[in-house]
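Peer 1: Provided herewith: start_26.cif, mmCIF, N, CA and C atoms.
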```cif
data_entry
#
loop_
_atom_site.label_atom_id
_atom_site.label_comp_id
_atom_site.auth_asym_id
_atom_site.auth_seq_id
_atom_site.Cartn_x
_atom_site.Cartn_y
_atom_site.Cartn_z
N MET S 18 42.46 -2.29 -24.82
CA MET S 18 43.12 -3.54 -24.46
C MET S 18 42.65 -4.64 -25.41
N PRO S 19 43.56 -5.50 -25.81
CA PRO S 19 43.17 -6.62 -26.67
C PRO S 19 42.27 -7.60 -25.91
N LYS S 20 41.25 -8.08 -26.57
CA LYS S 20 40.34 -9.07 -25.99
C LYS S 20 40.99 -10.45 -26.08
N THR S 21 40.74 -11.28 -25.08
CA THR S 21 41.34 -12.61 -25.09
C THR S 21 40.75 -13.49 -26.17
N SER S 22 39.49 -13.29 -26.50
CA SER S 22 38.86 -14.16 -27.50
C SER S 22 39.35 -13.87 -28.91
N THR S 23 39.62 -12.60 -29.24
CA THR S 23 40.03 -12.26 -30.60
C THR S 23 41.51 -11.97 -30.72
N GLY S 24 42.16 -11.56 -29.63
CA GLY S 24 43.57 -11.20 -29.68
C GLY S 24 43.80 -9.81 -30.23
N GLU S 25 42.76 -9.07 -30.53
CA GLU S 25 42.85 -7.73 -31.10
C GLU S 25 42.00 -6.77 -30.28
N THR S 26 42.29 -5.48 -30.43
CA THR S 26 41.46 -4.48 -29.77
C THR S 26 40.19 -4.27 -30.58
N PRO S 27 39.07 -4.00 -29.94
CA PRO S 27 37.84 -3.74 -30.70
C PRO S 27 37.99 -2.54 -31.65
N TYR S 28 38.74 -1.52 -31.25
CA TYR S 28 38.94 -0.34 -32.10
C TYR S 28 39.64 -0.74 -33.40
N LEU S 29 40.65 -1.60 -33.29
CA LEU S 29 41.38 -2.03 -34.49
C LEU S 29 40.47 -2.83 -35.42
N LEU S 30 39.60 -3.67 -34.86
CA LEU S 30 38.72 -4.48 -35.70
C LEU S 30 37.67 -3.62 -36.42
N VAL S 31 37.25 -2.51 -35.79
CA VAL S 31 36.24 -1.66 -36.40
C VAL S 31 36.86 -0.68 -37.40
N TYR S 32 37.91 0.02 -36.97
CA TYR S 32 38.46 1.11 -37.78
C TYR S 32 39.71 0.73 -38.56
N GLY S 33 40.30 -0.42 -38.29
CA GLY S 33 41.43 -0.88 -39.07
C GLY S 33 42.76 -0.31 -38.65
N THR S 34 42.85 0.37 -37.54
CA THR S 34 44.11 0.92 -37.06
C THR S 34 44.08 1.02 -35.55
N ASP S 35 45.26 1.10 -34.96
CA ASP S 35 45.34 1.28 -33.52
C ASP S 35 44.94 2.70 -33.16
N ALA S 36 44.39 2.87 -31.99
CA ALA S 36 43.97 4.20 -31.53
C ALA S 36 45.18 5.02 -31.11
N VAL S 37 45.13 6.32 -31.39
CA VAL S 37 46.16 7.25 -30.96
C VAL S 37 45.58 8.05 -29.80
N ILE S 38 46.27 8.03 -28.68
CA ILE S 38 45.80 8.75 -27.50
C ILE S 38 45.96 10.25 -27.75
N PRO S 39 44.97 11.07 -27.39
CA PRO S 39 45.08 12.52 -27.63
C PRO S 39 46.33 13.15 -27.01
N ALA S 40 46.82 12.57 -25.94
CA ALA S 40 48.04 13.11 -25.34
C ALA S 40 49.24 12.96 -26.28
N GLU S 41 49.25 11.93 -27.11
CA GLU S 41 50.34 11.72 -28.06
C GLU S 41 50.32 12.77 -29.16
N VAL S 42 49.15 13.30 -29.49
CA VAL S 42 49.05 14.33 -30.52
C VAL S 42 49.54 15.66 -29.95
N GLY S 43 49.13 15.99 -28.74
CA GLY S 43 49.53 17.25 -28.10
C GLY S 43 51.00 17.25 -27.72
N GLU S 44 51.46 16.20 -27.08
CA GLU S 44 52.86 16.02 -26.71
C GLU S 44 53.42 14.97 -27.64
N PRO S 45 54.08 15.36 -28.70
CA PRO S 45 54.52 14.37 -29.69
C PRO S 45 55.40 13.28 -29.08
N SER S 46 55.00 12.05 -29.29
CA SER S 46 55.79 10.91 -28.86
C SER S 46 56.63 10.43 -30.03
N LEU S 47 57.48 9.48 -29.78
CA LEU S 47 58.33 8.93 -30.83
C LEU S 47 57.47 8.30 -31.93
N ARG S 48 56.42 7.64 -31.52
CA ARG S 48 55.52 7.00 -32.49
C ARG S 48 54.87 8.03 -33.40
N TYR S 49 54.45 9.15 -32.86
CA TYR S 49 53.72 10.17 -33.62
C TYR S 49 54.67 11.07 -34.41
N SER S 50 55.81 11.42 -33.83
CA SER S 50 56.71 12.39 -34.47
C SER S 50 57.55 11.78 -35.59
N CYS S 51 57.76 10.48 -35.61
CA CYS S 51 58.59 9.85 -36.65
C CYS S 51 57.81 9.58 -37.93
N GLU S 52 56.54 9.82 -37.94
CA GLU S 52 55.75 9.58 -39.13
C GLU S 52 55.97 10.70 -40.16
N ILE S 53 56.27 10.31 -41.38
CA ILE S 53 56.42 11.24 -42.50
C ILE S 53 55.17 11.08 -43.35
N ARG S 54 54.68 12.17 -43.87
CA ARG S 54 53.39 12.19 -44.55
C ARG S 54 53.25 11.11 -45.64
N PRO S 55 54.15 11.01 -46.62
CA PRO S 55 53.98 9.97 -47.65
C PRO S 55 54.08 8.56 -47.07
N GLN S 56 55.01 8.37 -46.13
CA GLN S 56 55.15 7.06 -45.51
C GLN S 56 53.91 6.71 -44.70
N ASN S 57 53.35 7.70 -44.03
CA ASN S 57 52.15 7.49 -43.23
C ASN S 57 50.99 7.06 -44.12
N ASP S 58 50.85 7.71 -45.28
CA ASP S 58 49.77 7.34 -46.20
C ASP S 58 49.94 5.91 -46.70
N ASP S 59 51.19 5.56 -47.04
CA ASP S 59 51.44 4.20 -47.52
C ASP S 59 51.17 3.16 -46.44
N SER S 60 51.62 3.44 -45.22
CA SER S 60 51.40 2.47 -44.14
C SER S 60 49.91 2.36 -43.80
N ARG S 61 49.20 3.49 -43.90
CA ARG S 61 47.75 3.46 -43.64
C ARG S 61 47.03 2.62 -44.69
N MET S 62 47.40 2.76 -45.95
CA MET S 62 46.79 1.96 -47.01
C MET S 62 47.09 0.47 -46.81
N GLN S 63 48.32 0.17 -46.38
CA GLN S 63 48.69 -1.22 -46.12
C GLN S 63 47.87 -1.78 -44.96
N GLU S 64 47.69 -0.97 -43.90
CA GLU S 64 46.88 -1.41 -42.77
C GLU S 64 45.44 -1.68 -43.18
N LEU S 65 44.90 -0.81 -44.03
CA LEU S 65 43.52 -1.01 -44.49
C LEU S 65 43.39 -2.25 -45.35
N ASP S 66 44.44 -2.57 -46.11
CA ASP S 66 44.41 -3.79 -46.91
C ASP S 66 44.45 -5.04 -46.02
N GLU S 67 45.15 -4.95 -44.90
CA GLU S 67 45.31 -6.10 -44.01
C GLU S 67 44.19 -6.23 -42.98
N VAL S 68 43.31 -5.24 -42.87
CA VAL S 68 42.30 -5.27 -41.82
C VAL S 68 41.33 -6.44 -42.00
N GLU S 69 40.99 -6.79 -43.22
CA GLU S 69 40.09 -7.94 -43.43
C GLU S 69 40.75 -9.24 -42.98
N LYS S 70 42.04 -9.37 -43.27
CA LYS S 70 42.75 -10.56 -42.84
C LYS S 70 42.81 -10.63 -41.32
N ARG S 71 43.03 -9.49 -40.67
CA ARG S 71 43.06 -9.45 -39.20
C ARG S 71 41.69 -9.78 -38.61
N ARG S 72 40.62 -9.30 -39.25
CA ARG S 72 39.27 -9.61 -38.78
C ARG S 72 38.98 -11.10 -38.93
N ASP S 73 39.41 -11.68 -40.05
CA ASP S 73 39.20 -13.11 -40.26
C ASP S 73 39.96 -13.94 -39.23
N MET S 74 41.18 -13.54 -38.94
CA MET S 74 41.98 -14.26 -37.94
C MET S 74 41.37 -14.11 -36.55
N ALA S 75 40.85 -12.93 -36.24
CA ALA S 75 40.18 -12.72 -34.95
C ALA S 75 38.94 -13.60 -34.85
N TYR S 76 38.20 -13.73 -35.94
CA TYR S 76 37.01 -14.59 -35.96
C TYR S 76 37.40 -16.05 -35.74
N VAL S 77 38.48 -16.47 -36.39
CA VAL S 77 38.94 -17.86 -36.24
C VAL S 77 39.34 -18.12 -34.78
N ARG S 78 40.05 -17.17 -34.16
CA ARG S 78 40.44 -17.34 -32.75
C ARG S 78 39.22 -17.37 -31.84
N MET S 79 38.22 -16.55 -32.14
CA MET S 79 37.01 -16.51 -31.33
C MET S 79 36.25 -17.83 -31.43
N VAL S 80 36.13 -18.38 -32.63
CA VAL S 80 35.44 -19.66 -32.82
C VAL S 80 36.23 -20.78 -32.12
N ALA S 81 37.54 -20.75 -32.21
CA ALA S 81 38.36 -21.77 -31.55
C ALA S 81 38.19 -21.72 -30.03
N GLN S 82 38.10 -20.52 -29.48
CA GLN S 82 37.90 -20.40 -28.03
C GLN S 82 36.53 -20.94 -27.62
N LYS S 83 35.50 -20.67 -28.43
CA LYS S 83 34.16 -21.20 -28.14
C LYS S 83 34.15 -22.72 -28.21
N GLN S 84 34.83 -23.29 -29.19
CA GLN S 84 34.90 -24.74 -29.31
C GLN S 84 35.64 -25.35 -28.13
N GLN S 85 36.69 -24.67 -27.67
CA GLN S 85 37.43 -25.16 -26.51
C GLN S 85 36.55 -25.14 -25.26
N ALA S 86 35.77 -24.09 -25.08
CA ALA S 86 34.86 -24.01 -23.94
C ALA S 86 33.78 -25.10 -24.04
N GLU S 87 33.29 -25.36 -25.25
CA GLU S 87 32.28 -26.40 -25.43
C GLU S 87 32.85 -27.78 -25.12
N ARG S 88 34.07 -28.05 -25.57
CA ARG S 88 34.70 -29.33 -25.26
C ARG S 88 34.89 -29.50 -23.75
N TYR S 89 35.30 -28.42 -23.08
CA TYR S 89 35.49 -28.47 -21.62
C TYR S 89 34.17 -28.77 -20.92
N TYR S 90 33.10 -28.11 -21.35
CA TYR S 90 31.79 -28.34 -20.74
C TYR S 90 31.30 -29.76 -21.03
N ASN S 91 31.39 -30.20 -22.27
CA ASN S 91 30.89 -31.52 -22.65
C ASN S 91 31.68 -32.64 -22.00
N LYS S 92 32.93 -32.38 -21.65
CA LYS S 92 33.74 -33.38 -20.99
C LYS S 92 33.18 -33.69 -19.60
N LYS S 93 32.62 -32.70 -18.94
CA LYS S 93 32.08 -32.87 -17.60
C LYS S 93 30.60 -33.24 -17.59
N ALA S 94 29.93 -33.07 -18.72
CA ALA S 94 28.49 -33.33 -18.79
C ALA S 94 28.22 -34.83 -18.78
N LYS S 95 27.15 -35.21 -18.10
CA LYS S 95 26.73 -36.61 -18.09
C LYS S 95 25.87 -36.85 -19.33
N ILE S 96 26.24 -37.83 -20.09
CA ILE S 96 25.49 -38.15 -21.30
C ILE S 96 24.46 -39.20 -20.92
N ARG S 97 23.19 -38.86 -21.12
CA ARG S 97 22.10 -39.78 -20.85
C ARG S 97 21.31 -39.96 -22.14
N PRO S 98 21.56 -41.04 -22.85
CA PRO S 98 20.86 -41.21 -24.13
C PRO S 98 19.39 -41.55 -23.88
N LEU S 99 18.51 -40.64 -24.21
CA LEU S 99 17.08 -40.85 -24.09
C LEU S 99 16.47 -40.82 -25.48
N LYS S 100 15.43 -41.58 -25.66
CA LYS S 100 14.78 -41.63 -26.97
C LYS S 100 13.27 -41.57 -26.79
N VAL S 101 12.58 -41.35 -27.88
CA VAL S 101 11.12 -41.27 -27.87
C VAL S 101 10.57 -42.60 -27.37
N GLY S 102 9.65 -42.52 -26.41
CA GLY S 102 9.04 -43.72 -25.85
C GLY S 102 9.58 -44.07 -24.48
N ASP S 103 10.68 -43.47 -24.05
CA ASP S 103 11.23 -43.73 -22.72
C ASP S 103 10.34 -43.06 -21.67
N TYR S 104 10.35 -43.63 -20.47
CA TYR S 104 9.59 -43.08 -19.35
C TYR S 104 10.53 -42.36 -18.41
N LEU S 105 10.07 -41.21 -17.91
CA LEU S 105 10.90 -40.35 -17.08
C LEU S 105 10.14 -39.86 -15.86
N LEU S 106 10.89 -39.43 -14.86
CA LEU S 106 10.35 -38.68 -13.74
C LEU S 106 10.80 -37.24 -13.91
N LYS S 107 9.93 -36.31 -13.55
CA LYS S 107 10.23 -34.88 -13.67
C LYS S 107 10.44 -34.31 -12.28
N ALA S 108 11.50 -33.53 -12.10
CA ALA S 108 11.79 -32.93 -10.80
C ALA S 108 10.72 -31.92 -10.43
N LYS S 109 10.33 -31.95 -9.16
CA LYS S 109 9.37 -30.95 -8.67
C LYS S 109 10.13 -29.69 -8.30
N THR S 110 9.58 -28.56 -8.66
CA THR S 110 10.18 -27.29 -8.24
C THR S 110 9.62 -26.91 -6.88
N GLN S 111 10.25 -25.97 -6.24
CA GLN S 111 9.78 -25.52 -4.94
C GLN S 111 8.36 -24.97 -5.03
N ALA S 112 8.02 -24.34 -6.14
CA ALA S 112 6.68 -23.76 -6.30
C ALA S 112 5.61 -24.83 -6.49
N SER S 113 5.98 -25.98 -7.08
CA SER S 113 4.97 -27.01 -7.34
C SER S 113 4.81 -28.00 -6.19
N LYS S 114 5.65 -27.92 -5.16
CA LYS S 114 5.50 -28.80 -4.00
C LYS S 114 4.36 -28.31 -3.12
N TYR S 115 3.68 -29.24 -2.49
CA TYR S 115 2.61 -28.87 -1.57
C TYR S 115 3.23 -28.41 -0.25
N PRO S 116 2.85 -27.26 0.26
CA PRO S 116 3.48 -26.75 1.49
C PRO S 116 3.25 -27.64 2.70
N ARG S 117 2.14 -28.38 2.72
CA ARG S 117 1.85 -29.23 3.89
C ARG S 117 2.71 -30.48 3.92
N GLU S 118 3.32 -30.86 2.79
CA GLU S 118 4.16 -32.06 2.78
C GLU S 118 5.47 -31.85 3.53
N GLY S 119 5.99 -30.63 3.50
CA GLY S 119 7.26 -30.35 4.19
C GLY S 119 8.42 -31.02 3.49
N LYS S 120 9.46 -31.30 4.26
CA LYS S 120 10.66 -31.87 3.66
C LYS S 120 10.53 -33.36 3.35
N LEU S 121 9.48 -33.99 3.83
CA LEU S 121 9.29 -35.41 3.57
C LEU S 121 8.46 -35.68 2.32
N GLY S 122 8.07 -34.64 1.61
CA GLY S 122 7.28 -34.80 0.39
C GLY S 122 8.13 -35.35 -0.75
N THR S 123 7.45 -35.77 -1.81
CA THR S 123 8.16 -36.34 -2.95
C THR S 123 8.91 -35.23 -3.72
N ASN S 124 10.02 -35.62 -4.32
CA ASN S 124 10.83 -34.68 -5.09
C ASN S 124 10.64 -34.85 -6.59
N TRP S 125 9.91 -35.91 -7.00
CA TRP S 125 9.75 -36.20 -8.41
C TRP S 125 8.28 -36.39 -8.74
N ASP S 126 7.88 -35.98 -9.93
CA ASP S 126 6.54 -36.19 -10.47
C ASP S 126 6.65 -37.21 -11.59
N GLY S 127 5.59 -37.94 -11.80
CA GLY S 127 5.61 -38.78 -12.98
C GLY S 127 5.02 -40.13 -12.71
N PRO S 128 5.19 -41.04 -13.58
CA PRO S 128 6.08 -41.02 -14.74
C PRO S 128 5.46 -40.32 -15.95
N TYR S 129 6.34 -39.85 -16.83
CA TYR S 129 5.96 -39.20 -18.08
C TYR S 129 6.64 -39.93 -19.22
N LYS S 130 6.07 -39.81 -20.39
CA LYS S 130 6.61 -40.48 -21.58
C LYS S 130 7.14 -39.43 -22.55
N ILE S 131 8.31 -39.68 -23.13
CA ILE S 131 8.87 -38.77 -24.14
C ILE S 131 8.12 -38.98 -25.44
N THR S 132 7.56 -37.89 -25.98
CA THR S 132 6.85 -38.00 -27.26
C THR S 132 7.64 -37.41 -28.41
N ALA S 133 8.54 -36.45 -28.11
CA ALA S 133 9.35 -35.84 -29.17
C ALA S 133 10.60 -35.22 -28.57
N ILE S 134 11.64 -35.17 -29.36
CA ILE S 134 12.87 -34.48 -28.96
C ILE S 134 12.78 -33.08 -29.53
N ALA S 135 12.70 -32.08 -28.65
CA ALA S 135 12.49 -30.70 -29.10
C ALA S 135 13.79 -30.06 -29.57
N ASN S 136 14.85 -30.28 -28.84
CA ASN S 136 16.14 -29.67 -29.15
C ASN S 136 17.19 -30.54 -28.48
N LYS S 137 18.43 -30.16 -28.60
CA LYS S 137 19.52 -30.90 -27.97
C LYS S 137 19.35 -30.83 -26.45
N GLY S 138 18.90 -31.91 -25.85
CA GLY S 138 18.76 -31.96 -24.40
C GLY S 138 17.41 -31.53 -23.87
N SER S 139 16.42 -31.29 -24.72
CA SER S 139 15.09 -30.94 -24.23
C SER S 139 14.05 -31.82 -24.95
N PHE S 140 12.98 -32.12 -24.20
CA PHE S 140 12.01 -33.09 -24.67
C PHE S 140 10.58 -32.61 -24.44
N GLN S 141 9.66 -33.11 -25.27
CA GLN S 141 8.24 -32.91 -25.05
C GLN S 141 7.73 -34.15 -24.33
N LEU S 142 6.93 -33.93 -23.28
CA LEU S 142 6.47 -35.04 -22.45
C LEU S 142 4.96 -35.14 -22.46
N ASP S 143 4.48 -36.38 -22.32
CA ASP S 143 3.06 -36.68 -22.14
C ASP S 143 2.88 -37.39 -20.81
N THR S 144 1.70 -37.20 -20.20
CA THR S 144 1.38 -37.95 -19.00
C THR S 144 1.03 -39.37 -19.41
N MET S 145 0.80 -40.23 -18.43
CA MET S 145 0.45 -41.62 -18.73
C MET S 145 -0.93 -41.71 -19.40
N GLU S 146 -1.78 -40.69 -19.18
CA GLU S 146 -3.09 -40.67 -19.81
C GLU S 146 -3.04 -40.12 -21.24
N GLY S 147 -1.90 -39.63 -21.69
CA GLY S 147 -1.75 -39.12 -23.04
C GLY S 147 -1.89 -37.61 -23.17
N LYS S 148 -1.99 -36.90 -22.05
CA LYS S 148 -2.12 -35.44 -22.09
C LYS S 148 -0.72 -34.81 -22.16
N ARG S 149 -0.52 -33.93 -23.12
CA ARG S 149 0.78 -33.30 -23.34
C ARG S 149 1.05 -32.21 -22.30
N LEU S 150 2.28 -32.16 -21.76
CA LEU S 150 2.68 -31.08 -20.86
C LEU S 150 2.93 -29.82 -21.68
N PRO S 151 2.66 -28.64 -21.12
CA PRO S 151 2.70 -27.41 -21.92
C PRO S 151 4.08 -26.98 -22.40
N ASN S 152 5.14 -27.33 -21.71
CA ASN S 152 6.47 -26.83 -22.08
C ASN S 152 7.40 -27.97 -22.45
N ASN S 153 8.52 -27.62 -23.06
CA ASN S 153 9.60 -28.58 -23.25
C ASN S 153 10.38 -28.65 -21.95
N TRP S 154 10.95 -29.82 -21.67
CA TRP S 154 11.66 -30.01 -20.41
C TRP S 154 13.11 -30.39 -20.69
N ASN S 155 14.01 -29.72 -19.96
CA ASN S 155 15.44 -29.95 -20.09
C ASN S 155 15.82 -31.25 -19.41
N ILE S 156 16.85 -31.89 -19.92
CA ILE S 156 17.29 -33.17 -19.40
C ILE S 156 17.79 -33.07 -17.96
N SER S 157 18.23 -31.87 -17.56
CA SER S 157 18.74 -31.71 -16.19
C SER S 157 17.61 -31.84 -15.16
N HIS S 158 16.35 -31.69 -15.59
CA HIS S 158 15.21 -31.79 -14.68
C HIS S 158 14.51 -33.13 -14.78
N LEU S 159 15.10 -34.07 -15.53
CA LEU S 159 14.47 -35.36 -15.77
C LEU S 159 15.35 -36.47 -15.25
N ASN S 160 14.71 -37.58 -14.88
CA ASN S 160 15.42 -38.75 -14.39
C ASN S 160 14.79 -39.99 -15.02
N TYR S 161 15.61 -40.91 -15.46
CA TYR S 161 15.12 -42.12 -16.13
C TYR S 161 14.29 -42.93 -15.15
N PHE S 162 13.20 -43.51 -15.65
CA PHE S 162 12.28 -44.29 -14.81
C PHE S 162 12.18 -45.69 -15.34
N ASN S 163 12.44 -46.68 -14.48
CA ASN S 163 12.28 -48.10 -14.83
C ASN S 163 11.03 -48.63 -14.19
N PHE S 164 10.25 -49.38 -14.95
CA PHE S 164 9.05 -50.02 -14.39
C PHE S 164 9.46 -51.22 -13.58
#
```
Re-express the file's structure as structure tokens.

Peer 2:
Amino acid sequence: MPKTSTGETPYLLVYGTDAVIPAEVGEPSLRYSCEIRPQNDDSRMQELDEVEKRRDMAYVRMVAQKQQAERYYNKKAKIRPLKVGDYLLKAKTQASKYPREGKLGTNWDGPYKITAIANKGSFQLDTMEGKRLPNNWNISHLNYFNF
């Protein structure tokens, strides 16, 4: 079956031709029986010449689909411009909450200061005393803090 991202079958992209079902070889179908040897060789050579173009077009369609998915995701994403030096609160995970606090305990730790931007949407944080936290933190787990 053709994949939606490429528009082609994986077999065609690898081997350069459509697959022939073994039943078509045993029980000759119109597709299999109408092939003449010299014509078949010529059409096979033409298919092999066009396989690179088909692979390139499949790649272009795949990249276009990924870009469309990225645009759809980014359209719904909240953009929070944070920069080095901003103060943040970090969300507490269930494992880091104290069990005796119960549901009335705090949900945020901090404040922390951004010391570096690690990647798109992740940051390195320092405590107020200047001690660096061991991991990079994703923006989804951070909240802007105003003094």

Peer 1: Tell me, in Å to one decimal, how far atom N of Lys107 in chain S is from atom N of Tyr161 in chain S.

Peer 2: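 Spanning atom N of Lys107 in chain S to atom N of Tyr161 in chain S is a straight-line distance of 7.6 Å.
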
Peer 1: Any idea what the distance is between atom C of Gln63 in chain S and atom N of Gly24 in chain S?

Peer 2: 19.1 Å

Peer 1: Considering only C-alpha atoms, can you say which of S:Lys83, S:Lys93, S:Lys130, S:Lys70 comes closest to Leu106 in chain S?

Peer 2: S:Lys130

Peer 1: Check what the PyMOL selection byres (((chain S and resi 120-123 and name CA) around 12) and name CA) selects in the file above and give those residues as a PDB file with N, CA and C atoms, in the coordinates of the input.

Peer 2:
```pdb
ATOM      1  N   LEU S 106      10.890 -39.430 -14.860  1.00  0.00           N
ATOM      2  CA  LEU S 106      10.350 -38.680 -13.740  1.00  0.00           C
ATOM      3  C   LEU S 106      10.800 -37.240 -13.910  1.00  0.00           C
ATOM      4  N   LYS S 107       9.930 -36.310 -13.550  1.00  0.00           N
ATOM      5  CA  LYS S 107      10.230 -34.880 -13.670  1.00  0.00           C
ATOM      6  C   LYS S 107      10.440 -34.310 -12.280  1.00  0.00           C
ATOM      7  N   ALA S 108      11.500 -33.530 -12.100  1.00  0.00           N
ATOM      8  CA  ALA S 108      11.790 -32.930 -10.800  1.00  0.00           C
ATOM      9  C   ALA S 108      10.720 -31.920 -10.430  1.00  0.00           C
ATOM     10  N   LYS S 109      10.330 -31.950  -9.160  1.00  0.00           N
ATOM     11  CA  LYS S 109       9.370 -30.950  -8.670  1.00  0.00           C
ATOM     12  C   LYS S 109      10.130 -29.690  -8.300  1.00  0.00           C
ATOM     13  N   THR S 110       9.580 -28.560  -8.660  1.00  0.00           N
ATOM     14  CA  THR S 110      10.180 -27.290  -8.240  1.00  0.00           C
ATOM     15  C   THR S 110       9.620 -26.910  -6.880  1.00  0.00           C
ATOM     16  N   GLN S 111      10.250 -25.970  -6.240  1.00  0.00           N
ATOM     17  CA  GLN S 111       9.780 -25.520  -4.940  1.00  0.00           C
ATOM     18  C   GLN S 111       8.360 -24.970  -5.030  1.00  0.00           C
ATOM     19  N   SER S 113       5.980 -25.980  -7.080  1.00  0.00           N
ATOM     20  CA  SER S 113       4.970 -27.010  -7.340  1.00  0.00           C
ATOM     21  C   SER S 113       4.810 -28.000  -6.190  1.00  0.00           C
ATOM     22  N   LYS S 114       5.650 -27.920  -5.160  1.00  0.00           N
ATOM     23  CA  LYS S 114       5.500 -28.800  -4.000  1.00  0.00           C
ATOM     24  C   LYS S 114       4.360 -28.310  -3.120  1.00  0.00           C
ATOM     25  N   TYR S 115       3.680 -29.240  -2.490  1.00  0.00           N
ATOM     26  CA  TYR S 115       2.610 -28.870  -1.570  1.00  0.00           C
ATOM     27  C   TYR S 115       3.230 -28.410  -0.250  1.00  0.00           C
ATOM     28  N   PRO S 116       2.850 -27.260   0.260  1.00  0.00           N
ATOM     29  CA  PRO S 116       3.480 -26.750   1.490  1.00  0.00           C
ATOM     30  C   PRO S 116       3.250 -27.640   2.700  1.00  0.00           C
ATOM     31  N   ARG S 117       2.140 -28.380   2.720  1.00  0.00           N
ATOM     32  CA  ARG S 117       1.850 -29.230   3.890  1.00  0.00           C
ATOM     33  C   ARG S 117       2.710 -30.480   3.920  1.00  0.00           C
ATOM     34  N   GLU S 118       3.320 -30.860   2.790  1.00  0.00           N
ATOM     35  CA  GLU S 118       4.160 -32.060   2.780  1.00  0.00           C
ATOM     36  C   GLU S 118       5.470 -31.850   3.530  1.00  0.00           C
ATOM     37  N   GLY S 119       5.990 -30.630   3.500  1.00  0.00           N
ATOM     38  CA  GLY S 119       7.260 -30.350   4.190  1.00  0.00           C
ATOM     39  C   GLY S 119       8.420 -31.020   3.490  1.00  0.00           C
ATOM     40  N   ASN S 124      10.020 -35.620  -4.320  1.00  0.00           N
ATOM     41  CA  ASN S 124      10.830 -34.680  -5.090  1.00  0.00           C
ATOM     42  C   ASN S 124      10.640 -34.850  -6.590  1.00  0.00           C
ATOM     43  N   TRP S 125       9.910 -35.910  -7.000  1.00  0.00           N
ATOM     44  CA  TRP S 125       9.750 -36.200  -8.410  1.00  0.00           C
ATOM     45  C   TRP S 125       8.280 -36.390  -8.740  1.00  0.00           C
ATOM     46  N   ASP S 126       7.880 -35.980  -9.930  1.00  0.00           N
ATOM     47  CA  ASP S 126       6.540 -36.190 -10.470  1.00  0.00           C
ATOM     48  C   ASP S 126       6.650 -37.210 -11.590  1.00  0.00           C
ATOM     49  N   GLY S 127       5.590 -37.940 -11.800  1.00  0.00           N
ATOM     50  CA  GLY S 127       5.610 -38.780 -12.980  1.00  0.00           C
ATOM     51  C   GLY S 127       5.020 -40.130 -12.710  1.00  0.00           C
TER      52      GLY S 127
END
```

Peer 1: Leaving out Gly33 in chain S and any residue of its chain fewer than 4 positions from it, which residues lie within 6.5 Å of it when counting only N, CA and C atoms, given as number ranges by chain?

Peer 2: S: 28-29, 64-65, 68

Peer 1: State, in Å with one decimal place, the distance from CA of Ala112 in chain S to CA of Gly138 in chain S.

Peer 2: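 Separating CA of Ala112 in chain S from CA of Gly138 in chain S is a distance of 23.3 Å.
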
Peer 1: Can you turn the PyMOL selection byres (((chain S and resi 156 and name CA) around 8) and name CA) into a concrete residue list for this file, as JSON, numbers by chain?

Peer 2: {"S": [138, 139, 140, 154, 155, 157, 158, 159, 160]}

Peer 1: Taking into account only N, CA and C atoms, which residue in the set S:Val101, S:Arg149, S:Tyr90, S:Thr23 is nearest to Ile134 in chain S?

Peer 2: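 The answer is S:Val101, which sits nearest to Ile134 in chain S.
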
Peer 1: Kindly list the centre and edge lengths in Å, rounded to one decimal, for the axis-aligned box that covers all listed atoms of range 106-120 of chain S plus 5 Å on each of its six sides, as JSON.

Peer 2:
```
{"center_x": 6.8, "center_y": -31.6, "center_z": -5.3, "size_x": 19.9, "size_y": 25.7, "size_z": 29.1}
```

Peer 1: Out of range 80-151 of chain S, which residues get strand (DSSP E or B) from DSSP, as a count of residues only?

Peer 2: 25

Peer 1: Carefully work through the PyMOL selection byres ((chain S and resi 144) around 8) for this structure and note down the residues it includes, as a VMD selection string.

Peer 2: chain S and resid 127 to 131 141 to 143 145 to 150

Peer 1: Using only N, CA and C atoms, please write the residues we just selected to a file, as a short mmCIF file (atom, residue, chain, number, x, y, z; two decimals), keeping the file's coordinate frame.

Peer 2:
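Saved as part.cif:
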```cif
data_model
loop_
_atom_site.label_atom_id
_atom_site.label_comp_id
_atom_site.auth_asym_id
_atom_site.auth_seq_id
_atom_site.Cartn_x
_atom_site.Cartn_y
_atom_site.Cartn_z
N GLY S 127 5.59 -37.94 -11.80
CA GLY S 127 5.61 -38.78 -12.98
C GLY S 127 5.02 -40.13 -12.71
N PRO S 128 5.19 -41.04 -13.58
CA PRO S 128 6.08 -41.02 -14.74
C PRO S 128 5.46 -40.32 -15.95
N TYR S 129 6.34 -39.85 -16.83
CA TYR S 129 5.96 -39.20 -18.08
C TYR S 129 6.64 -39.93 -19.22
N LYS S 130 6.07 -39.81 -20.39
CA LYS S 130 6.61 -40.48 -21.58
C LYS S 130 7.14 -39.43 -22.55
N ILE S 131 8.31 -39.68 -23.13
CA ILE S 131 8.87 -38.77 -24.14
C ILE S 131 8.12 -38.98 -25.44
N GLN S 141 9.66 -33.11 -25.27
CA GLN S 141 8.24 -32.91 -25.05
C GLN S 141 7.73 -34.15 -24.33
N LEU S 142 6.93 -33.93 -23.28
CA LEU S 142 6.47 -35.04 -22.45
C LEU S 142 4.96 -35.14 -22.46
N ASP S 143 4.48 -36.38 -22.32
CA ASP S 143 3.06 -36.68 -22.14
C ASP S 143 2.88 -37.39 -20.81
N MET S 145 0.80 -40.23 -18.43
CA MET S 145 0.45 -41.62 -18.73
C MET S 145 -0.93 -41.71 -19.40
N GLU S 146 -1.78 -40.69 -19.18
CA GLU S 146 -3.09 -40.67 -19.81
C GLU S 146 -3.04 -40.12 -21.24
N GLY S 147 -1.90 -39.63 -21.69
CA GLY S 147 -1.75 -39.12 -23.04
C GLY S 147 -1.89 -37.61 -23.17
N LYS S 148 -1.99 -36.90 -22.05
CA LYS S 148 -2.12 -35.44 -22.09
C LYS S 148 -0.72 -34.81 -22.16
N ARG S 149 -0.52 -33.93 -23.12
CA ARG S 149 0.78 -33.30 -23.34
C ARG S 149 1.05 -32.21 -22.30
N LEU S 150 2.28 -32.16 -21.76
CA LEU S 150 2.68 -31.08 -20.86
C LEU S 150 2.93 -29.82 -21.68
#
```
